[in-house]
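final-v8.tsv (TSV, C-alpha atoms)
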```tsv
chain	number	residue	atom	x	y	z
U	1	MET	CA	-27.19	-6.11	-44.42
U	2	PHE	CA	-30.40	-7.94	-45.30
U	3	LEU	CA	-29.93	-10.49	-42.53
U	4	ARG	CA	-29.71	-7.70	-39.95
U	5	ARG	CA	-33.02	-6.15	-40.92
U	6	ASP	CA	-34.40	-5.85	-37.37
U	7	ARG	CA	-31.38	-3.91	-36.18
U	8	ALA	CA	-31.48	-1.70	-39.28
U	9	MET	CA	-35.18	-0.97	-38.85
U	10	THR	CA	-34.68	-0.16	-35.17
U	11	GLY	CA	-31.88	2.27	-36.02
U	12	VAL	CA	-34.06	3.98	-38.64
U	13	MET	CA	-36.99	4.06	-36.19
U	14	ILE	CA	-34.84	5.79	-33.57
U	15	MET	CA	-33.63	8.39	-36.07
U	16	LEU	CA	-37.12	8.96	-37.45
U	17	ASP	CA	-38.51	9.40	-33.93
U	18	VAL	CA	-35.87	12.02	-33.14
U	19	ALA	CA	-36.41	13.77	-36.49
U	20	PHE	CA	-40.19	13.78	-36.10
U	21	TYR	CA	-40.53	14.66	-32.42
U	22	ALA	CA	-37.41	16.76	-31.75
U	23	GLY	CA	-36.29	18.10	-35.08
U	24	ARG	CA	-32.95	19.88	-35.22
U	25	THR	CA	-33.33	22.06	-32.13
U	26	GLY	CA	-35.44	20.09	-29.63
U	27	THR	CA	-34.52	16.90	-27.80
U	28	VAL	CA	-36.22	13.61	-26.99
U	29	ASN	CA	-35.15	11.20	-24.29
U	30	ALA	CA	-34.42	7.50	-24.67
U	31	ALA	CA	-37.40	6.46	-22.55
U	32	ASP	CA	-39.84	8.35	-24.80
U	33	ILE	CA	-38.26	6.92	-27.97
U	34	ALA	CA	-38.50	3.39	-26.57
U	35	GLN	CA	-42.09	3.88	-25.39
U	36	ARG	CA	-43.30	5.26	-28.75
U	37	ALA	CA	-41.53	2.48	-30.66
U	38	GLY	CA	-42.72	-0.27	-28.32
U	39	LEU	CA	-39.13	-1.21	-27.45
U	40	VAL	CA	-37.19	-1.71	-24.25
U	41	ARG	CA	-35.01	1.27	-23.33
U	42	ARG	CA	-31.93	-0.78	-22.52
U	43	GLY	CA	-32.33	-2.47	-25.90
U	44	ILE	CA	-32.01	0.79	-27.83
U	45	GLU	CA	-29.27	2.37	-25.74
U	46	PRO	CA	-26.40	0.67	-27.63
U	47	LEU	CA	-27.89	1.91	-30.91
U	48	LEU	CA	-28.28	5.43	-29.50
U	49	GLN	CA	-24.61	5.35	-28.54
U	50	MET	CA	-23.58	4.16	-32.03
U	51	LEU	CA	-25.67	6.85	-33.68
U	52	SER	CA	-24.20	9.48	-31.35
U	53	ARG	CA	-20.61	8.35	-31.95
U	54	SER	CA	-21.21	8.57	-35.70
U	55	SER	CA	-22.53	12.17	-35.26
U	56	LEU	CA	-25.93	11.27	-36.70
U	57	LEU	CA	-27.32	12.13	-33.26
U	58	GLU	CA	-26.14	14.58	-30.64
U	59	SER	CA	-26.46	13.63	-27.00
U	60	VAL	CA	-27.50	16.55	-24.79
U	61	ARG	CA	-27.03	16.42	-21.01
U	62	GLY	CA	-29.05	18.23	-18.40
U	63	PRO	CA	-32.65	18.56	-17.27
U	64	ARG	CA	-33.92	19.02	-20.82
U	65	GLY	CA	-31.37	16.59	-22.19
U	66	GLY	CA	-31.85	13.77	-24.60
U	67	TYR	CA	-31.06	13.33	-28.26
U	68	ARG	CA	-31.35	15.54	-31.31
U	69	LEU	CA	-30.23	15.23	-34.89
U	70	GLY	CA	-26.56	15.83	-35.57
U	71	ARG	CA	-27.31	17.30	-39.01
U	72	PRO	CA	-30.36	18.52	-40.90
U	73	ARG	CA	-32.72	15.65	-41.69
U	74	ARG	CA	-32.45	16.30	-45.43
U	75	ASP	CA	-28.72	15.51	-45.17
U	76	ILE	CA	-29.11	12.11	-43.48
U	77	SER	CA	-29.73	9.17	-45.81
U	78	ILE	CA	-31.37	5.98	-44.63
U	79	SER	CA	-28.36	4.11	-46.02
U	80	GLU	CA	-26.06	6.02	-43.67
U	81	ILE	CA	-28.20	5.11	-40.67
U	82	VAL	CA	-28.37	1.45	-41.66
U	83	SER	CA	-24.64	1.17	-42.30
U	84	THR	CA	-23.94	2.78	-38.92
U	85	VAL	CA	-26.02	0.34	-36.89
U	86	VAL	CA	-25.42	-2.77	-39.01
U	87	ASN	CA	-21.77	-2.55	-40.03
U	88	THR	CA	-20.43	-2.04	-36.52
U	89	ASP	CA	-20.36	-5.79	-35.96
U	90	PRO	CA	-17.98	-7.94	-37.97
U	91	GLU	CA	-19.76	-10.16	-40.46
U	92	THR	CA	-20.34	-13.61	-39.10
U	93	ASP	CA	-19.28	-16.57	-41.19
U	94	ASP	CA	-21.95	-19.25	-41.17
U	95	GLY	CA	-19.52	-21.80	-42.62
U	96	SER	CA	-21.21	-22.11	-46.02
U	97	SER	CA	-18.62	-22.94	-48.62
U	98	GLY	CA	-20.15	-25.29	-51.20
U	99	ASP	CA	-20.38	-24.54	-54.91
U	100	LEU	CA	-24.05	-23.50	-54.72
U	101	TYR	CA	-23.21	-21.00	-52.01
U	102	GLN	CA	-20.08	-19.61	-53.64
U	103	LYS	CA	-21.38	-19.47	-57.22
U	104	VAL	CA	-25.08	-18.72	-56.74
U	105	LEU	CA	-26.23	-17.62	-53.29
U	106	ASP	CA	-23.32	-15.41	-52.25
U	107	PRO	CA	-23.29	-13.41	-55.53
U	108	PHE	CA	-27.11	-13.21	-55.45
U	109	TRP	CA	-27.19	-11.74	-51.92
U	110	ARG	CA	-24.36	-9.34	-52.71
U	111	GLU	CA	-26.29	-8.01	-55.73
U	112	GLU	CA	-29.47	-7.64	-53.68
U	113	ASP	CA	-27.60	-5.85	-50.89
U	114	GLU	CA	-26.09	-3.45	-53.44
U	115	ALA	CA	-29.52	-2.73	-54.96
U	116	ILE	CA	-31.10	-2.12	-51.55
U	117	THR	CA	-28.20	0.07	-50.44
U	118	ALA	CA	-28.44	2.14	-53.64
U	119	ARG	CA	-32.17	2.71	-53.05
U	120	LEU	CA	-31.64	3.62	-49.38
U	121	ARG	CA	-29.03	6.22	-50.42
U	122	GLU	CA	-31.81	8.06	-52.28
U	123	ILE	CA	-34.13	8.28	-49.27
U	124	THR	CA	-33.53	10.78	-46.47
U	125	LEU	CA	-34.96	11.26	-43.02
U	126	ASP	CA	-36.75	14.29	-44.43
U	127	ASP	CA	-38.58	12.00	-46.89
U	128	LEU	CA	-39.75	9.76	-44.04
U	129	VAL	CA	-40.85	12.70	-41.86
U	130	ARG	CA	-42.92	14.01	-44.77
U	131	LYS	CA	-44.49	10.53	-45.17
U	132	ALA	CA	-45.38	10.56	-41.46
U	133	GLU	CA	-47.01	13.98	-41.85
U	134	THR	CA	-48.89	12.83	-44.96
U	135	ALA	CA	-50.09	9.77	-43.02
U	136	GLY	CA	-51.71	12.17	-40.53
U	137	LEU	CA	-49.27	11.74	-37.64
U	138	ARG	CA	-49.04	14.79	-35.43
U	139	ARG	CA	-46.38	15.97	-33.05
U	140	PRO	CA	-47.56	16.73	-29.51
U	141	LEU	CA	-47.58	20.37	-28.51
U	142	THR	CA	-44.49	21.19	-26.49
U	143	GLU	CA	-46.21	23.83	-24.41
U	144	PRO	CA	-49.89	23.82	-23.55
U	145	ILE	CA	-51.85	26.56	-25.22
U	146	THR	CA	-53.15	29.03	-22.65
U	147	PHE	CA	-55.46	31.94	-23.15
U	148	SER	CA	-55.92	34.91	-20.92
U	149	ILE	CA	-58.55	37.56	-21.16
```
Output the file's structure as structure tokens, nothing else.
Amino acid sequence: MFLRRDRAMTGVMIMLDVAFYAGRTGTVNAADIAQRAGLVRRGIEPLLQMLSRSSLLESVRGPRGGYRLGRPRRDISISEIVSTVVNTDPETDDGSSGDLYQKVLDPFWREEDEAITARLREITLDDLVRKAETAGLRRPLTEPITFSI
């Protein structure tokens, strides 16, 4: 998992964007997610599909379509997001097979992956949304405020 950090962070960024800007009932579209994250839309589309197939996201069609959370944000752990976007590809074998690799490096990385995964199981999307709010980030108003007298 550690070696696929960029993909994991992108998956978490997508989910956090949806949780923060759409919540459970609204939707956000792929173009807006990509623009806010500074990513290319076609680059995140495969991840959006993976997250939708895993039911972490729901894809909504139509004029107000887009993506919304598949479950409440308090029920989605960061570990679940990471495992969805990272573990879809088979592990690649880099050919390392020497004693140092087998007896030191491989066990070391496995232990670190287990520790990171255990920590990510404790953190939910709700925790990250609250951190965003504490950091002063604000959601845009969905409807302009109008006054009539």
key: Nearest to U:Gly11 by atom-to-atom distance, counting all atoms listed in the file, from U:Glu45, U:Asp106, U:Asp127, U:Glu122   = U:Glu45
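Minimum distance to U:Thr117 across U:Val40, U:Ile76, U:Val82, U:Ala19 (counting all atoms listed in the file) occurs at U:Val82.
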request  = Rank nothing, just name the residue among U:Lys103, U:Arg139, U:Arg121, U:Arg61 nearest to U:Arg74, using all atoms listed in the file.
outcome  = U:Arg121
task = Would you kindly return, as number ranges by chain, each protein, DNA or RNA residue with an atom no farther than 9 Å from any atom of stretch 52-60 of chain U, considering all atoms listed in the file and excluding same-chain residues fewer than 2 positions away?
result = U: 15, 18, 27, 47-50, 62, 64-71, 76, 80-81, 84
Please produce an output containing C-alpha atoms for each residue in the selection, written as an mmCIF file, in the coordinates of the input.
```
data_model
loop_
_atom_site.group_PDB
_atom_site.id
_atom_site.type_symbol
_atom_site.label_atom_id
_atom_site.label_comp_id
_atom_site.auth_asym_id
_atom_site.auth_seq_id
_atom_site.Cartn_x
_atom_site.Cartn_y
_atom_site.Cartn_z
ATOM 1 C CA MET U 15 -33.630 8.390 -36.070
ATOM 2 C CA VAL U 18 -35.870 12.020 -33.140
ATOM 3 C CA THR U 27 -34.520 16.900 -27.800
ATOM 4 C CA LEU U 47 -27.890 1.910 -30.910
ATOM 5 C CA LEU U 48 -28.280 5.430 -29.500
ATOM 6 C CA GLN U 49 -24.610 5.350 -28.540
ATOM 7 C CA MET U 50 -23.580 4.160 -32.030
ATOM 8 C CA GLY U 62 -29.050 18.230 -18.400
ATOM 9 C CA ARG U 64 -33.920 19.020 -20.820
ATOM 10 C CA GLY U 65 -31.370 16.590 -22.190
ATOM 11 C CA GLY U 66 -31.850 13.770 -24.600
ATOM 12 C CA TYR U 67 -31.060 13.330 -28.260
ATOM 13 C CA ARG U 68 -31.350 15.540 -31.310
ATOM 14 C CA LEU U 69 -30.230 15.230 -34.890
ATOM 15 C CA GLY U 70 -26.560 15.830 -35.570
ATOM 16 C CA ARG U 71 -27.310 17.300 -39.010
ATOM 17 C CA ILE U 76 -29.110 12.110 -43.480
ATOM 18 C CA GLU U 80 -26.060 6.020 -43.670
ATOM 19 C CA ILE U 81 -28.200 5.110 -40.670
ATOM 20 C CA THR U 84 -23.940 2.780 -38.920
#
```
Exercise: residues within 12 Å of coordinate (-28.7, -2.7, -50.0), counting only C-alpha atoms, as a count of residues only = 27
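In this structure, atom CA of U:Ala31 sits 25.1 Å away from atom CA of U:Asn87.
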